[in-house]
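As structure tokens, the structure follows; a few thoughts come after it.
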Amino acid sequence: MKSRISRRSLLAATGASALLLPLLHQEQGFGATTTFPKRVIFVVTGNGTIEDSFWPTGSDGALTLAAISAPLEAHKQKLIFPKGIDLRVWAEDNPFGGNGDAHHCWGSVLTATTPATGDPPHDPGGPGLALASSQSIDQYIGQEFNKQKALPFPVLSVRAWGRDGSGYATLSWTGNKAPFSAESDPRKLFDSLFAGISKGAPDPALVRLRKKRQSVLDYVGQSLERQSQRLGTEDRQKIQLHLEAVRNIERQLEGGSVSSSCQPPTVDAGVDFGAIENFPTLIESEMDQIVAAMACGLTRVSTLALGDGEDYNIFFPWLGIPHQGIEFPERHHHDISHRPGVDNVDKINVERWYMSMLAKLFDKLAAVPEGDGTMLDNTVVMYMNSLNSGFSHTVLKVPVVVGAGANIAIKTGGRVIELKNEAHNTLLAAIANAVDVPMTAFGDPRFPGVLGLT
Amino acid sequence: MPAGSSALLAALLLLGSGCQGYVESHGTASGAPHSGGGGTGSTSNSGSASTETTDGRAPTSATVGATPLRRLGKLELGHTLRALLPTLPSTFDVTTGVPDDNAIQLAFSLPGTVSDVEVKRFMDLAEASLAAVGPGSASNTFDCAGADETTCARAFVTSFGKRAYRRPVDSSEVDDLMTLYQKLRTDPDMAYDFRGALSVLVEAMLQSPGFLYRWERGLAAPKADGPLVKFDDYEMASRLSYFIWNSMPDDALLAAADAGQLSTPDQVAAQAQRLLADTRADDTLGDFISQWLELGPLSSSVKDSNAFPDFSPALVPSMVSETLAFTRDVLRGSAPTFTNLLTAKYTFADAPLAKYYGVTPDGSGRVDLSSNARLGLLTQASLMAVKGNSYRTSPVRRGKFILNRLLCTVVPPPPPNVVPELPAPDPKLTVRQQMAEHRSNPACAGCHNQMDALGFAFEHFDGAGKYRQLDGVNPIDASGSTTLDGKPISFNDAGELAALLAKSSEAQACFARQWLRYGIDRFEQDADSAASDYLESSYRQSGLDTRALIVAITRTLPFTHRAPAPGEVPAP
């Protein structure tokens with residue numbers, strides 16, 4: 001049959017402007033006796049905190065949260081606050097030298113190695129783009145999970161504002177100088193994850209579109225393979241990354257089945273996600289989608305970047321902090337964080353708000369029933385701020401919150417763990433172990449070991 | 001004194017003053033910074049013999065740097081799409097969803113590697129482009145001349161593919177595309193008709209490496225030329241068009257490649273002249289200056305309306321227009337010189353900008369600046385505003401800009417464990433007075449003496465680019481002194497500084513190197529030093545003729561050749 005399908009009618013039917021359309025069938029399930037896999041979510045912000053207003057006080061099980069951590073009250077019993085985690089790989093040795101602009105340390109946050117210096121011959125000297133030099137923990141865990149059961153998204157990497165591509169801004173890395181970009185558009189995220197979900201027989205128009213895309217990508221992959229044969233080693237690695245990405249998308253298009261209880265969220269068509277006023281709405285939409293993707297069995301590992309290490313374009317009008325005002329310095333997140341003083345009221349309010357968003361993530365996880373409990377029981381969330389202080393750029397004793405549910409082998413109960421110069425490598429290793437990905441060390445071999453969280 | 005040596009001296013003086021900076025020239029391929037220039041091996045002023053080929057063949061002793069594989073950048077991709085699909089509506093956004101390039105300090109944009117998100121974006125762009133040109137339009141202008149559909153499809157792939165991939169398509173690649181074609185036609189779930197299938201083939205080509213990467217060699221082995229690798233004719237066609245037009249070659253360039261006429265420096269330079277004379281080069285002249293002046297953040301900069309009541313974001317397009325119009329006028333004119341770019345006493349202003357400047361343009365929008373403090377590019381509102389804070393000037397960023405982009409000097413980050421105790425702003429003091437600790441504190445003075453001195457020259461231009469007589473209620477001291485070309489200099493204001501920079505051999509050499517970096521899409525390495533030194537001196541000897549420089553670059557070895565890449569096997 002030679003029929004032409006109008007793209008416009010196709011777009012109208014799905015209500016989205018950018019489709020990837022994995023083919024996902026909802027199974028007609030018979031009841032809910034399943035064991036649920038363990039999930040991990042890494043949430044990162046930058047530009048530091050005001051320490052005295054962040055760390056809780058009081059004894060284990062009876063913590064008093066401080067002004068910034070207060071919004072986490074409802075989930076306190078499931079939290080640990082490791083106090084004394086340092087980004088040692090940055091503190092000791094980084095491409096910028098010395099105290100070296102730790103606004104640019106995101107290439108180290110989930111990799112726990114020192115980024116590459118420069119990128120000759122594009123940037124022969126100096127810090128260059130601070131490209132990470134190794135695979136990040138989320139990618140490693142996702143790879144290990146994939147060996148047990150291949151999922152469409154071994155890692156679901158998402159960001160709210162910020163940029164991608166360099167060590168200044170990218171958390172997730174598949175390897176040396178290989179950034180794994182995050183999806184930053186909630187609508188495109190939705191299309192990638194959920195647009196193909198259908199009950200019953202799939203729409204032939206969607207099948208046609210999916211098959212076309214698979215066929216095209218098949219050709220693209222072939223071309224990449226042909227091309228790489230004549231290239232030098234380094235160029236071949238770039239093409240290899242592209243080829244892997246093409247294969248990943250092909251796998252996502254192949255789809256599979258999701259459980260009948262899979263409930264995709266909706267994304268409000270009227271919201272302008274490009275307006276900073278809607279930053280909170282954007283973050284919530286992304287969190288909803290991450291949680292739903294996990295509930296639907298599309299992924300088990302997610303990274304969520306709120307901004308990037310610099311945040312020059314993140315303002316907070318909903319907190320009553322205007323864009324402008326004669327004051328030292330400016331009113332975006334970067335410069336709010338650069339003001340000295342423990343009484344930096346704007347910064348305290350900003351950080352408190354970030355913690356309230358983290359609390360919402362816990363709320364959303366707790367709202368998904370799994371077995372006799374909720375998804376939160378089967379999830380560990382690691383929050384980290386890449387700086388302790390935006391003013392001094394120190395990466396010592398960075399803010400960390402670990403939240404874990406009942407089925408995760410982490411002893412929570414609402415406690416602060418006092419540490420001294422503990423390399424964050426051991427924290428990442430502990431998170432991996434907690435989701436049954438065993439390791440005795442992660443990242444830079446100078447900092448082996450596993451932080452005791454059990 | 002050859003340019004390399006004065007750069008070395010300048011770097012030593014910087015080092016002597018305690019600022020561990022370095023002149024970013026002739027960086028080694030291994031990435032170690034090089035303290036100063038100084039050609040290695042071949043002498044700098046030996047003329048063209050060691051810097052370009054003889055009848056297309058590289059001299060046996062020649063060296064040249066490595067050129068990694070590069071993806072099309074955002075601007076290049078947009079222009080290429082429009083050239084390839086001329087029926088794309090002008091309202092279609094060719095950059096929608098395309099990942100931003102990375103910005104490289106002291107050089108130009110660098111597209112990153114491709115991960116899952118980028119594959120999706122290129123897919124979206126390809127599909128949206130074909131949807132925008134309408135069903136079958138990309139292939140509808142292709143005349144099958146009575147051939148059967150399969151034969152016609154093959155002919156279309158060969159013909160369109162040559163333009164899409166900027167080189168003849170290998171028969172194995174045609175076969176791969178025909179396999180796709182058959183699948184599209186015969187798979188019962190797809191069952192595309194003839195024209196529909198050809199559209200999908202175009203989508204596929206737009207997502208493939210032949211289109212997305214600068215890979216115009218195709219499946220052939222790299223071409224050995226002595227110890228070097230020579231770019232073949234199709235690669236040269238694209239190197240020329242992407243340098244001068246930021247777009248794909250036109251039919252004439254591709255025809256020259258077909259005829260093997262992009263092989264000698266004369267042939268290449270003749271095409272470079274032709275491309276430069278075409279209006280398609282205007283965008284590139286503007287793009288170079290915009291990147292060189294680091295104007296990118298201007299469109300999103302936020303300015304305090306109390307500090308700058310006359311500024312509004314609506315002024316930004318006027319500011320950008322001024323810089324582009326001025327640049328175009330100088331570089332297209334009879335004296336396209338570095339001197340004019342820095343010191344010409346005129347500009348172009350539309351009505352909003354004229355009001356902001358307090359000037360009266362003539363009928364063509366031209367503004368005479370003879371009795372105005374402004375001159376050239378450096379005091380234009382665009383640069384002054386992008387290198388200004390939201391509520392005041394930023395002498396540090398302005399000074400750093402001069403060091404980076406006018407003098408090709410890297411300023412290192414603050415020393416370890418510097419925790420600046422910055423005081424609250426004091427409106428009774430000028431910005432210079434408030435930054436006094438930069439100069440009195442030995443930990444800061446090493447670099448800040450030079451940086452701040454350069455930046456304070458611009459104090460009469462506020463953080464939103466408007467001229468001001470006073471800083472609040474305080475008189476402005478825009479004078480300063482520093483070293484340039486190894487000698488002490490002083491200036492009373494930005495005008496005098498601009499004139500000194502225009503005459504400076506360091507600055508002239510740096511400008512030539514910036515153009516070389518733009519043209520070859522990478523930093524020059526030690527192995528490029530002969531060519532780099534030659535271009536610096538020939539730029540000066542030509543009277544700083546920037547158009548001649550652009551053409552001269554295309555003749556040199558870093559443009560026509562590259563070092564073999566480890567792991568590849570060149571064939572003669």
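Order determines the names: the first chain of the structure tokens is A, the second B, and so forth; residues in each chain are numbered 1 upward, and ligands are numbered 1 upward as they are shown.
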
Problem set entry | alpha helix (DSSP H) residues, from DSSP on the backbone, in range 248-294 of chain A, as a VMD selection string | chain A and resid 248 to 254 279 to 294

Problem set entry | Leu341 in chain B surroundings by only C-alpha atoms, 9 Å radius, close-in-sequence under 2 positions cut, as a count of residues only | 15

For this session: Pick out the residues sitting within 8 Å of Leu253 in chain B, and hand them over as a PyMOL selection string; count only C-alpha atoms, and ignore anything fewer than 4 positions along from it in its own chain.
Result: chain B and resi 237+249+257+271

May I have the selected residues written with C-alpha atoms, as a JSON list (two decimals), in the first residue's frame?
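result.json, freshly written:
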[["chain", "number", "residue", "atom", "x", "y", "z"],
["B", 237, "ALA", "CA", 37.12, 22.89, -1.41],
["B", 249, "PRO", "CA", 31.35, 24.63, -1.34],
["B", 257, "ALA", "CA", 37.82, 19.94, -7.12],
["B", 271, "GLN", "CA", 39.44, 30.46, -5.16]]

For this session: From range 257-391 of chain A, collect each residue whose DSSP state is strand (DSSP E or B) and return the set as a list in words.
Result: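 Assigned to strand (DSSP E or B), within range 257-391 of chain A: Ser257, Val258, Val301, Ser302, Thr303, Leu304, Ala305, Leu306, Pro369, Glu370, Gly373, Thr374, Thr379, Val380, Val381, Met382, Tyr383, Met384, Asn385 and Ser389 of chain A.
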
For Ile244 in chain B: contacts at 9 Å, only C-alpha atoms, fewer than 6 positions along chain excluded, given as a tab-separated table (two decimals) with C-alpha atoms, in the first residue's frame:
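Dumped to around.tsv:
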chain	number	residue	atom	x	y	z
B	272	ALA	CA	39.98	32.13	-1.78
B	275	LEU	CA	35.00	33.43	-2.12
B	276	LEU	CA	36.14	36.46	-0.19
B	280	ARG	CA	28.58	35.17	1.48
B	281	ALA	CA	31.84	36.09	3.22
B	282	ASP	CA	30.21	38.97	5.09
B	283	ASP	CA	28.72	36.69	7.72
B	284	THR	CA	32.10	35.13	8.31
B	285	LEU	CA	33.84	38.47	8.77
B	519	GLY	CA	41.01	29.43	9.37
B	550	ILE	CA	42.84	35.69	4.78

For this session: Quick one: everything within 12 Å of Gly161 in chain B, counting only C-alpha atoms, minus sequence neighbours fewer than 4 positions away in the same chain. Send it as a ChimeraX atom specification.
Result: /B:84,138-139,153-157,165-171,173-174,177-178,198,201-206,208,210-211,216,218

Taking 2 positions as the minimum chain separation for residues in the same chain, which residues sit within 7 Å of range 155-171 of chain A when counting only C-alpha atoms? Answer as a PDB file with C-alpha atoms, in the first residue's frame.
ATOM      1  CA  HIS A 103      32.916  26.146  39.554  1.00  0.00           C
ATOM      2  CA  HIS A 104      34.356  23.985  36.800  1.00  0.00           C
ATOM      3  CA  CYS A 105      34.648  20.740  38.747  1.00  0.00           C
ATOM      4  CA  TRP A 106      31.591  18.942  37.466  1.00  0.00           C
ATOM      5  CA  GLY A 107      33.792  16.641  35.412  1.00  0.00           C
ATOM      6  CA  VAL A 109      31.737  15.048  40.718  1.00  0.00           C
ATOM      7  CA  LEU A 110      30.506  11.655  39.501  1.00  0.00           C
ATOM      8  CA  LEU A 129      37.282  22.456  28.922  1.00  0.00           C
ATOM      9  CA  ALA A 130      38.228  20.318  31.965  1.00  0.00           C
ATOM     10  CA  LEU A 131      36.909  17.255  30.154  1.00  0.00           C
ATOM     11  CA  ALA A 132      36.502  14.325  32.511  1.00  0.00           C
ATOM     12  CA  ASP A 138      26.066   6.452  37.101  1.00  0.00           C
ATOM     13  CA  GLN A 139      27.286   5.097  33.781  1.00  0.00           C
ATOM     14  CA  GLY A 142      23.882   1.507  34.551  1.00  0.00           C
ATOM     15  CA  PHE A 153      17.819   3.773  29.162  1.00  0.00           C
ATOM     16  CA  TRP A 173      30.653  10.631  31.246  1.00  0.00           C
ATOM     17  CA  PRO A 179      30.491  13.522  27.836  1.00  0.00           C
ATOM     18  CA  SER A 181      24.730  14.901  27.452  1.00  0.00           C
ATOM     19  CA  ALA A 182      21.633  15.319  29.575  1.00  0.00           C
ATOM     20  CA  GLU A 183      18.164  15.985  28.206  1.00  0.00           C
ATOM     21  CA  SER A 184      17.158  19.486  29.183  1.00  0.00           C
ATOM     22  CA  LEU A 282      10.567  22.501  34.917  1.00  0.00           C
ATOM     23  CA  ILE A 283      12.382  20.703  37.723  1.00  0.00           C
ATOM     24  CA  THR A 299      15.570   2.900  33.605  1.00  0.00           C
ATOM     25  CA  VAL A 301      19.739   4.983  37.115  1.00  0.00           C
ATOM     26  CA  SER A 302      19.261   8.702  36.744  1.00  0.00           C
ATOM     27  CA  THR A 303      21.337  11.845  37.063  1.00  0.00           C
ATOM     28  CA  LEU A 304      19.604  15.152  37.629  1.00  0.00           C
ATOM     29  CA  ALA A 305      21.672  18.308  37.257  1.00  0.00           C
ATOM     30  CA  LEU A 306      20.057  21.440  38.611  1.00  0.00           C
ATOM     31  CA  GLY A 307      21.916  24.104  36.672  1.00  0.00           C
ATOM     32  CA  ASP A 308      25.614  23.644  36.152  1.00  0.00           C
ATOM     33  CA  GLY A 309      28.685  24.630  38.120  1.00  0.00           C
ATOM     34  CA  ASP A 311      24.676  29.284  36.993  1.00  0.00           C
TER      35      ASP A 311
ATOM     36  CA  GLY B 112      31.810  18.626  20.961  1.00  0.00           C
TER      37      GLY B 112
END

Problem set entry | Near-range 185-190 of chain A list (12 Å; only C-alpha atoms; drop same-chain fewer than 6 positions) as a count of residues only | 50

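Counting only C-alpha atoms, the residue from A:Gln77, A:Thr174, A:Ser59, A:Asn47 that sits nearest to chain B is A:Thr174.
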
Problem set entry | Between CA of Leu451 in chain A and CA of Phe36 in chain A, distance in Å (one decimal) |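 For CA of Leu451 in chain A relative to CA of Phe36 in chain A, the distance reads 25.4 Å.
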
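With distances restricted to only C-alpha atoms, B:Glu568 is the closest residue to chain A from B:Glu568, B:Asp101, B:Asp187, B:Glu524.
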
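With only C-alpha atoms as the basis for measurement, B:Asp526 is the residue among B:Asp233, B:Asp533, B:Asp471, B:Asp526 that approaches chain A most closely.
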
For this session: Enter the distance from CA of Arg300 in chain A to CA of Ile276 in chain A, in Å, rounded to one decimal.
Result: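 Distance reported for this atom pair: 29.3 Å.
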